[in-house]
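Pasting query.txt here (compact mmCIF, N, CA and C atoms):
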```txt
# COMPACT_ATOMS: atom_id res chain seq x y z
N MET A 24 93.89 110.92 115.74
CA MET A 24 93.99 111.72 114.53
C MET A 24 94.97 112.85 114.81
N GLU A 25 95.77 113.14 113.82
CA GLU A 25 96.81 114.15 113.95
C GLU A 25 96.69 115.16 112.81
N GLU A 26 97.12 116.37 113.09
CA GLU A 26 97.24 117.37 112.02
C GLU A 26 98.43 116.97 111.16
N ILE A 27 98.32 117.17 109.87
CA ILE A 27 99.44 116.88 108.98
C ILE A 27 100.50 117.96 109.21
N ALA A 28 101.69 117.53 109.61
CA ALA A 28 102.77 118.45 109.97
C ALA A 28 103.36 119.12 108.73
N ASP A 29 104.10 120.20 108.98
CA ASP A 29 104.69 120.99 107.89
C ASP A 29 105.47 120.15 106.91
N LYS A 30 106.34 119.26 107.41
CA LYS A 30 107.16 118.43 106.54
C LYS A 30 106.30 117.57 105.63
N MET A 31 105.30 116.93 106.20
CA MET A 31 104.44 116.03 105.43
C MET A 31 103.49 116.78 104.51
N SER A 32 103.14 118.01 104.87
CA SER A 32 102.14 118.74 104.09
C SER A 32 102.61 119.02 102.67
N LYS A 33 103.91 119.07 102.47
CA LYS A 33 104.43 119.30 101.11
C LYS A 33 104.02 118.16 100.18
N ARG A 34 103.98 116.95 100.70
CA ARG A 34 103.62 115.79 99.88
C ARG A 34 102.14 115.46 99.98
N TRP A 35 101.56 115.56 101.18
CA TRP A 35 100.22 115.06 101.42
C TRP A 35 99.16 116.15 101.54
N GLY A 36 99.57 117.41 101.57
CA GLY A 36 98.61 118.50 101.71
C GLY A 36 98.28 118.78 103.17
N MET A 37 97.37 119.68 103.37
CA MET A 37 96.97 120.07 104.72
C MET A 37 95.77 119.24 105.15
N GLY A 38 95.52 119.22 106.44
CA GLY A 38 94.36 118.51 106.96
C GLY A 38 94.75 117.60 108.11
N THR A 39 94.04 116.49 108.20
CA THR A 39 94.29 115.55 109.29
C THR A 39 94.67 114.18 108.75
N MET A 40 95.39 113.45 109.59
CA MET A 40 95.86 112.12 109.20
C MET A 40 95.48 111.14 110.31
N VAL A 41 94.86 110.04 109.92
CA VAL A 41 94.54 109.00 110.88
C VAL A 41 95.69 108.01 110.93
N ILE A 42 96.08 107.65 112.14
CA ILE A 42 97.07 106.59 112.34
C ILE A 42 96.25 105.37 112.75
N PRO A 43 96.13 104.39 111.85
CA PRO A 43 95.22 103.27 112.10
C PRO A 43 95.76 102.31 113.16
N ALA A 44 94.86 101.54 113.70
CA ALA A 44 95.24 100.42 114.56
C ALA A 44 95.64 99.26 113.65
N PRO A 45 96.59 98.43 114.06
CA PRO A 45 96.99 97.30 113.22
C PRO A 45 95.81 96.41 112.84
N MET A 46 94.88 96.20 113.76
CA MET A 46 93.74 95.32 113.47
C MET A 46 92.83 95.91 112.40
N GLU A 47 92.74 97.24 112.31
CA GLU A 47 91.92 97.86 111.27
C GLU A 47 92.46 97.52 109.89
N VAL A 48 93.79 97.61 109.75
CA VAL A 48 94.42 97.31 108.46
C VAL A 48 94.20 95.83 108.13
N ASP A 49 94.41 94.96 109.11
CA ASP A 49 94.22 93.52 108.91
C ASP A 49 92.78 93.19 108.53
N GLU A 50 91.81 93.82 109.19
CA GLU A 50 90.39 93.58 108.88
C GLU A 50 90.07 93.92 107.43
N ILE A 51 90.59 95.04 106.95
CA ILE A 51 90.35 95.42 105.56
C ILE A 51 90.98 94.40 104.62
N MET A 52 92.22 94.01 104.91
CA MET A 52 92.90 93.02 104.07
C MET A 52 92.13 91.70 104.06
N LYS A 53 91.58 91.30 105.20
CA LYS A 53 90.81 90.05 105.28
C LYS A 53 89.51 90.13 104.50
N SER A 54 88.98 91.33 104.33
CA SER A 54 87.67 91.48 103.69
C SER A 54 87.73 91.46 102.16
N VAL A 55 88.92 91.40 101.58
CA VAL A 55 89.05 91.38 100.12
C VAL A 55 88.64 90.00 99.61
N PRO A 56 87.57 89.94 98.81
CA PRO A 56 87.07 88.64 98.33
C PRO A 56 88.02 87.96 97.34
N LYS A 57 87.83 86.66 97.19
CA LYS A 57 88.59 85.89 96.21
C LYS A 57 88.41 86.51 94.83
N GLY A 58 89.48 86.55 94.08
CA GLY A 58 89.43 87.10 92.72
C GLY A 58 89.58 88.61 92.66
N LYS A 59 89.58 89.26 93.82
CA LYS A 59 89.70 90.72 93.89
C LYS A 59 91.04 91.10 94.49
N VAL A 60 91.41 92.36 94.34
CA VAL A 60 92.62 92.91 94.94
C VAL A 60 92.31 94.27 95.55
N ILE A 61 93.24 94.77 96.32
CA ILE A 61 93.13 96.11 96.89
C ILE A 61 94.54 96.68 96.92
N THR A 62 94.65 97.99 96.91
CA THR A 62 95.96 98.62 97.02
C THR A 62 96.09 99.27 98.39
N ILE A 63 97.31 99.50 98.79
CA ILE A 63 97.55 100.21 100.05
C ILE A 63 96.89 101.58 99.99
N SER A 64 96.91 102.23 98.84
CA SER A 64 96.26 103.54 98.70
C SER A 64 94.76 103.45 98.98
N GLU A 65 94.13 102.37 98.49
CA GLU A 65 92.70 102.16 98.75
C GLU A 65 92.45 101.93 100.23
N ILE A 66 93.31 101.16 100.87
CA ILE A 66 93.17 100.92 102.31
C ILE A 66 93.29 102.24 103.07
N ARG A 67 94.27 103.05 102.71
CA ARG A 67 94.45 104.35 103.37
C ARG A 67 93.23 105.25 103.17
N ALA A 68 92.67 105.24 101.98
CA ALA A 68 91.48 106.06 101.71
C ALA A 68 90.29 105.58 102.54
N MET A 69 90.14 104.27 102.67
CA MET A 69 89.05 103.71 103.48
C MET A 69 89.20 104.11 104.94
N LEU A 70 90.42 104.05 105.44
CA LEU A 70 90.68 104.43 106.82
C LEU A 70 90.39 105.92 107.03
N ALA A 71 90.78 106.74 106.07
CA ALA A 71 90.53 108.18 106.17
C ALA A 71 89.03 108.46 106.21
N ARG A 72 88.27 107.80 105.33
CA ARG A 72 86.81 107.99 105.33
C ARG A 72 86.20 107.55 106.66
N LYS A 73 86.62 106.39 107.13
CA LYS A 73 86.08 105.85 108.39
C LYS A 73 86.29 106.81 109.55
N HIS A 74 87.45 107.43 109.60
CA HIS A 74 87.80 108.31 110.72
C HIS A 74 87.60 109.79 110.42
N LYS A 75 87.02 110.07 109.25
CA LYS A 75 86.77 111.46 108.82
C LYS A 75 88.05 112.30 108.86
N ALA A 76 89.10 111.72 108.28
CA ALA A 76 90.40 112.38 108.19
C ALA A 76 90.71 112.66 106.72
N SER A 77 91.68 113.51 106.49
CA SER A 77 92.08 113.82 105.12
C SER A 77 92.79 112.63 104.47
N ILE A 78 93.68 111.98 105.23
CA ILE A 78 94.42 110.84 104.71
C ILE A 78 94.64 109.79 105.80
N GLY A 79 94.95 108.58 105.37
CA GLY A 79 95.41 107.53 106.27
C GLY A 79 96.93 107.56 106.25
N CYS A 80 97.56 107.38 107.37
CA CYS A 80 99.02 107.46 107.46
C CYS A 80 99.67 106.44 106.52
N PRO A 81 100.49 106.92 105.59
CA PRO A 81 101.14 106.00 104.65
C PRO A 81 102.16 105.08 105.32
N ILE A 82 102.83 105.56 106.34
CA ILE A 82 103.88 104.76 106.98
C ILE A 82 103.28 103.64 107.82
N THR A 83 102.40 104.00 108.75
CA THR A 83 101.86 102.96 109.64
C THR A 83 100.96 101.98 108.88
N THR A 84 100.22 102.45 107.90
CA THR A 84 99.37 101.54 107.12
C THR A 84 100.24 100.49 106.43
N GLY A 85 101.33 100.92 105.82
CA GLY A 85 102.24 99.99 105.16
C GLY A 85 102.90 99.02 106.13
N ILE A 86 103.31 99.52 107.27
CA ILE A 86 103.94 98.67 108.28
C ILE A 86 102.95 97.63 108.79
N PHE A 87 101.71 98.07 109.08
CA PHE A 87 100.72 97.14 109.62
C PHE A 87 100.30 96.10 108.58
N ALA A 88 100.28 96.48 107.31
CA ALA A 88 99.98 95.51 106.26
C ALA A 88 101.10 94.46 106.18
N TRP A 89 102.33 94.90 106.31
CA TRP A 89 103.48 93.98 106.30
C TRP A 89 103.40 93.02 107.49
N ILE A 90 103.05 93.54 108.65
CA ILE A 90 102.91 92.70 109.84
C ILE A 90 101.80 91.67 109.63
N ALA A 91 100.67 92.11 109.09
CA ALA A 91 99.54 91.20 108.83
C ALA A 91 99.97 90.10 107.86
N ALA A 92 100.73 90.47 106.84
CA ALA A 92 101.19 89.49 105.85
C ALA A 92 102.10 88.45 106.50
N ASN A 93 103.02 88.89 107.31
CA ASN A 93 103.94 87.95 107.95
C ASN A 93 103.24 87.09 108.99
N ALA A 94 102.29 87.65 109.73
CA ALA A 94 101.52 86.86 110.70
C ALA A 94 100.70 85.80 109.97
N ALA A 95 100.11 86.17 108.83
CA ALA A 95 99.32 85.21 108.05
C ALA A 95 100.19 84.08 107.53
N GLU A 96 101.38 84.41 107.09
CA GLU A 96 102.29 83.38 106.58
C GLU A 96 102.70 82.43 107.71
N GLU A 97 102.92 82.95 108.91
CA GLU A 97 103.23 82.09 110.06
C GLU A 97 102.05 81.16 110.35
N GLN A 98 100.83 81.70 110.27
CA GLN A 98 99.64 80.87 110.49
C GLN A 98 99.55 79.77 109.44
N SER A 99 99.84 80.11 108.21
CA SER A 99 99.81 79.14 107.12
C SER A 99 100.81 78.01 107.37
N GLN A 100 101.98 78.36 107.82
CA GLN A 100 103.01 77.36 108.10
C GLN A 100 102.62 76.45 109.26
N GLN A 101 101.71 76.94 110.11
CA GLN A 101 101.21 76.12 111.22
C GLN A 101 99.99 75.30 110.81
N GLY A 102 99.62 75.41 109.54
CA GLY A 102 98.51 74.62 109.02
C GLY A 102 97.15 75.28 109.12
N LYS A 103 97.08 76.52 109.55
CA LYS A 103 95.80 77.22 109.66
C LYS A 103 95.33 77.63 108.27
N LYS A 104 94.03 77.58 108.07
CA LYS A 104 93.46 77.85 106.75
C LYS A 104 92.84 79.24 106.63
N ASP A 105 92.26 79.76 107.69
CA ASP A 105 91.54 81.04 107.65
C ASP A 105 92.48 82.17 108.04
N MET A 106 93.29 82.59 107.07
CA MET A 106 94.26 83.64 107.35
C MET A 106 94.05 84.82 106.41
N THR A 107 94.70 85.92 106.71
CA THR A 107 94.61 87.12 105.88
C THR A 107 95.20 86.84 104.51
N PRO A 108 94.43 87.06 103.43
CA PRO A 108 94.94 86.83 102.07
C PRO A 108 95.80 88.02 101.60
N TYR A 109 96.96 88.15 102.18
CA TYR A 109 97.82 89.32 101.98
C TYR A 109 98.28 89.49 100.54
N TRP A 110 98.33 88.42 99.76
CA TRP A 110 98.76 88.51 98.36
C TRP A 110 97.79 89.34 97.53
N ARG A 111 96.59 89.58 98.06
CA ARG A 111 95.61 90.40 97.34
C ARG A 111 95.83 91.89 97.58
N THR A 112 96.74 92.24 98.48
CA THR A 112 97.03 93.65 98.76
C THR A 112 98.25 94.07 97.97
N LEU A 113 98.04 95.02 97.07
CA LEU A 113 99.09 95.50 96.17
C LEU A 113 99.57 96.87 96.58
N LYS A 114 100.72 97.22 96.06
CA LYS A 114 101.20 98.58 96.23
C LYS A 114 100.46 99.47 95.22
N THR A 115 100.64 100.76 95.35
CA THR A 115 100.05 101.71 94.42
C THR A 115 100.46 101.35 92.99
N GLY A 116 99.52 101.47 92.08
CA GLY A 116 99.80 101.16 90.68
C GLY A 116 99.71 99.69 90.33
N GLY A 117 99.22 98.87 91.28
CA GLY A 117 99.06 97.45 91.01
C GLY A 117 100.34 96.64 91.13
N VAL A 118 101.34 97.21 91.78
CA VAL A 118 102.63 96.55 91.94
C VAL A 118 102.55 95.53 93.08
N ILE A 119 103.07 94.34 92.84
CA ILE A 119 103.12 93.31 93.87
C ILE A 119 104.18 93.70 94.89
N ASN A 120 103.83 93.57 96.17
CA ASN A 120 104.76 93.94 97.23
C ASN A 120 105.81 92.85 97.43
N GLU A 121 107.02 93.15 97.00
CA GLU A 121 108.12 92.19 97.09
C GLU A 121 108.57 91.94 98.53
N LYS A 122 108.13 92.78 99.46
CA LYS A 122 108.54 92.60 100.86
C LYS A 122 107.62 91.65 101.63
N TYR A 123 106.52 91.24 101.02
CA TYR A 123 105.66 90.27 101.67
C TYR A 123 106.34 88.90 101.61
N PRO A 124 105.95 87.98 102.49
CA PRO A 124 106.58 86.66 102.52
C PRO A 124 106.63 85.99 101.14
N GLY A 125 107.79 85.41 100.83
CA GLY A 125 107.95 84.71 99.56
C GLY A 125 108.38 85.60 98.41
N GLY A 126 108.35 86.92 98.61
CA GLY A 126 108.75 87.85 97.57
C GLY A 126 107.73 87.97 96.45
N ALA A 127 108.04 88.77 95.48
CA ALA A 127 107.12 89.06 94.38
C ALA A 127 106.78 87.82 93.55
N GLU A 128 107.76 86.95 93.35
CA GLU A 128 107.54 85.78 92.48
C GLU A 128 106.46 84.86 93.07
N ALA A 129 106.49 84.65 94.38
CA ALA A 129 105.48 83.79 95.02
C ALA A 129 104.09 84.42 94.91
N LYS A 130 104.01 85.73 95.09
CA LYS A 130 102.71 86.42 94.98
C LYS A 130 102.23 86.39 93.53
N LYS A 131 103.15 86.51 92.59
CA LYS A 131 102.80 86.46 91.16
C LYS A 131 102.12 85.13 90.85
N LYS A 132 102.70 84.03 91.31
CA LYS A 132 102.13 82.71 91.05
C LYS A 132 100.74 82.58 91.67
N LEU A 133 100.59 83.06 92.89
CA LEU A 133 99.28 82.99 93.55
C LEU A 133 98.23 83.79 92.79
N LEU A 134 98.58 85.02 92.41
CA LEU A 134 97.63 85.88 91.71
C LEU A 134 97.30 85.31 90.33
N GLU A 135 98.30 84.78 89.62
CA GLU A 135 98.03 84.19 88.31
C GLU A 135 97.14 82.96 88.44
N SER A 136 97.30 82.21 89.51
CA SER A 136 96.45 81.02 89.70
C SER A 136 95.00 81.40 89.95
N LYS A 137 94.76 82.66 90.31
CA LYS A 137 93.40 83.16 90.53
C LYS A 137 92.88 83.95 89.34
N GLY A 138 93.61 83.89 88.21
CA GLY A 138 93.14 84.51 86.99
C GLY A 138 93.67 85.89 86.68
N HIS A 139 94.52 86.42 87.53
CA HIS A 139 95.11 87.74 87.26
C HIS A 139 96.30 87.58 86.33
N ARG A 140 96.48 88.56 85.46
CA ARG A 140 97.65 88.56 84.58
C ARG A 140 98.71 89.47 85.18
N VAL A 141 99.92 88.99 85.29
CA VAL A 141 101.01 89.75 85.90
C VAL A 141 102.13 89.88 84.89
N ILE A 142 102.66 91.10 84.77
CA ILE A 142 103.79 91.34 83.86
C ILE A 142 104.97 91.89 84.67
N GLN A 143 106.13 91.72 84.10
CA GLN A 143 107.36 92.24 84.69
C GLN A 143 107.67 93.56 84.02
N LYS A 144 107.89 94.60 84.81
CA LYS A 144 108.34 95.91 84.30
C LYS A 144 109.57 96.28 85.10
N GLY A 145 110.73 96.13 84.48
CA GLY A 145 111.97 96.34 85.22
C GLY A 145 112.08 95.28 86.29
N ASN A 146 112.25 95.71 87.53
CA ASN A 146 112.34 94.74 88.63
C ASN A 146 111.02 94.62 89.40
N ARG A 147 109.94 95.16 88.84
CA ARG A 147 108.63 95.11 89.50
C ARG A 147 107.68 94.19 88.76
N CYS A 148 106.82 93.52 89.54
CA CYS A 148 105.74 92.71 88.97
C CYS A 148 104.45 93.50 89.14
N ILE A 149 103.71 93.66 88.06
CA ILE A 149 102.50 94.49 88.08
C ILE A 149 101.31 93.67 87.61
N VAL A 150 100.21 93.77 88.35
CA VAL A 150 98.97 93.11 87.96
C VAL A 150 98.33 93.96 86.87
N VAL A 151 98.17 93.38 85.70
CA VAL A 151 97.60 94.07 84.55
C VAL A 151 96.12 94.36 84.81
N ASN A 152 95.71 95.58 84.51
CA ASN A 152 94.31 96.01 84.69
C ASN A 152 93.78 95.70 86.08
N TYR A 153 94.61 95.89 87.09
CA TYR A 153 94.21 95.60 88.47
C TYR A 153 92.97 96.42 88.87
N GLU A 154 92.81 97.59 88.26
CA GLU A 154 91.66 98.45 88.60
C GLU A 154 90.34 97.73 88.39
N GLU A 155 90.30 96.85 87.38
CA GLU A 155 89.06 96.10 87.10
C GLU A 155 88.75 95.08 88.17
N SER A 156 89.76 94.73 88.97
CA SER A 156 89.56 93.71 90.01
C SER A 156 89.58 94.30 91.42
N LEU A 157 89.55 95.64 91.52
CA LEU A 157 89.57 96.24 92.85
C LEU A 157 88.33 95.86 93.64
N ALA A 158 88.55 95.49 94.88
CA ALA A 158 87.43 95.14 95.78
C ALA A 158 86.66 96.41 96.12
N ARG A 159 85.38 96.33 96.13
CA ARG A 159 84.51 97.45 96.53
C ARG A 159 83.99 97.14 97.92
N ILE A 160 84.74 97.58 98.91
CA ILE A 160 84.42 97.26 100.30
C ILE A 160 83.77 98.46 100.95
```
Turn this file's structure into structure tokens for me.
Amino acid sequence: MEEIADKMSKRWGMGTMVIPAPMEVDEIMKSVPKGKVITISEIRAMLARKHKASIGCPITTGIFAWIAANAAEEQSQQGKKDMTPYWRTLKTGGVINEKYPGGAEAKKKLLESKGHRVIQKGNRCIVVNYEESLARI
């Protein structure tokens, strides 16, 4: 746990910030049930509560989620079935993460096949009413 530095405090406020372990981020992503979604902001808040910190580090949480997504895609390509369902992890505001394997269009198709409605806003794909499908972990 680290104190929030002067530069970061302008955006994130004062207090402490937890820098999560990659496996912690992956475990949360794996725990999202079928039909549900989670946002990176929700993951960061869960990590902060777990470690009794003010916030979860936005940079490392995002990086570790990206790593988990790419590792899961590699597992899928090797024929493994029990992998992290990374397509259920959205950016803040319900935006599909275009940096995950396959880009936004592939995630859009997966989410729509599970009953989520996705719309295009500019160059972003957004899950409509994603708040109603947030996982309560």
All residues 7 Å or closer to A:Lys131, all atoms listed in the file, same chain fewer than 4 positions away omitted, as a list in words: Ile119, Gly126, Ala127, Glu135, Ser136 and Val141 of chain A
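Between atom N of A:Lys53 and atom N of A:Gly138 lies a distance of 18.6 Å.
Rounded to one decimal, atom CA of A:Ala95 and atom N of A:Ser156 lie 23.4 Å from each other.
Taking atom N of A:Glu121 and atom N of A:Ser54 as endpoints, the distance between them is 19.6 Å.
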Non-local contacts of A:Ile66 (12 Å; only C-alpha atoms; under 2 positions in same chain excluded) as an MDAnalysis selection string: chainID A and resid 41 43 47:55 60:64 68:73 78:81 83:85 87:88 111:115 157:160
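Each of A:Gly38, A:Met31, A:Tyr123, A:Arg67 was compared to A:Trp110 using only N, CA and C atoms, and A:Tyr123 turns out to be the nearest.
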Pick from A:Lys130, A:Ala91, A:Lys122, A:Glu155, whichever lies nearest to A:Thr107 using only N, CA and C atoms: A:Ala91
Pick from A:Gly125, A:Lys59, A:Tyr109, A:Ala94 nearest to A:Tyr153, counting only N, CA and C atoms: A:Lys59
DSSP helix (DSSP H, G or I) residues within chain A, listed as a PyMOL selection string: chain A and resi 29-35+45-53+63-74+81-100+109-111+115-117+126-136+153-156
Sel. of strand (DSSP E or B) residues, chain A, as a PyMOL selection string: chain A and resi 25-26+39-41+60-62+78-79+112-114+118+141-144+147-150+157
Spatial sel., origin (94.4, 114.2, 103.8), limit 5 Å, only N, CA and C atoms, listed as a PyMOL selection string: chain A and resi 39+76-78
Pick from A:Pro45, A:Asn152, A:Arg140, A:Glu25 nearest to A:Ile86, counting only N, CA and C atoms: A:Pro45
Selection: 7 Å around A:Val118, only C-alpha atoms, excl. self and same-chain fewer than 5 positions, as a ChimeraX atom specification: /A:113,147-150
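Nearest-residue note for A:Glu154: choosing from A:Glu128, A:Gly117, A:Ile142, A:His74, the minimum distance belongs to A:Gly117, counting only N, CA and C atoms.
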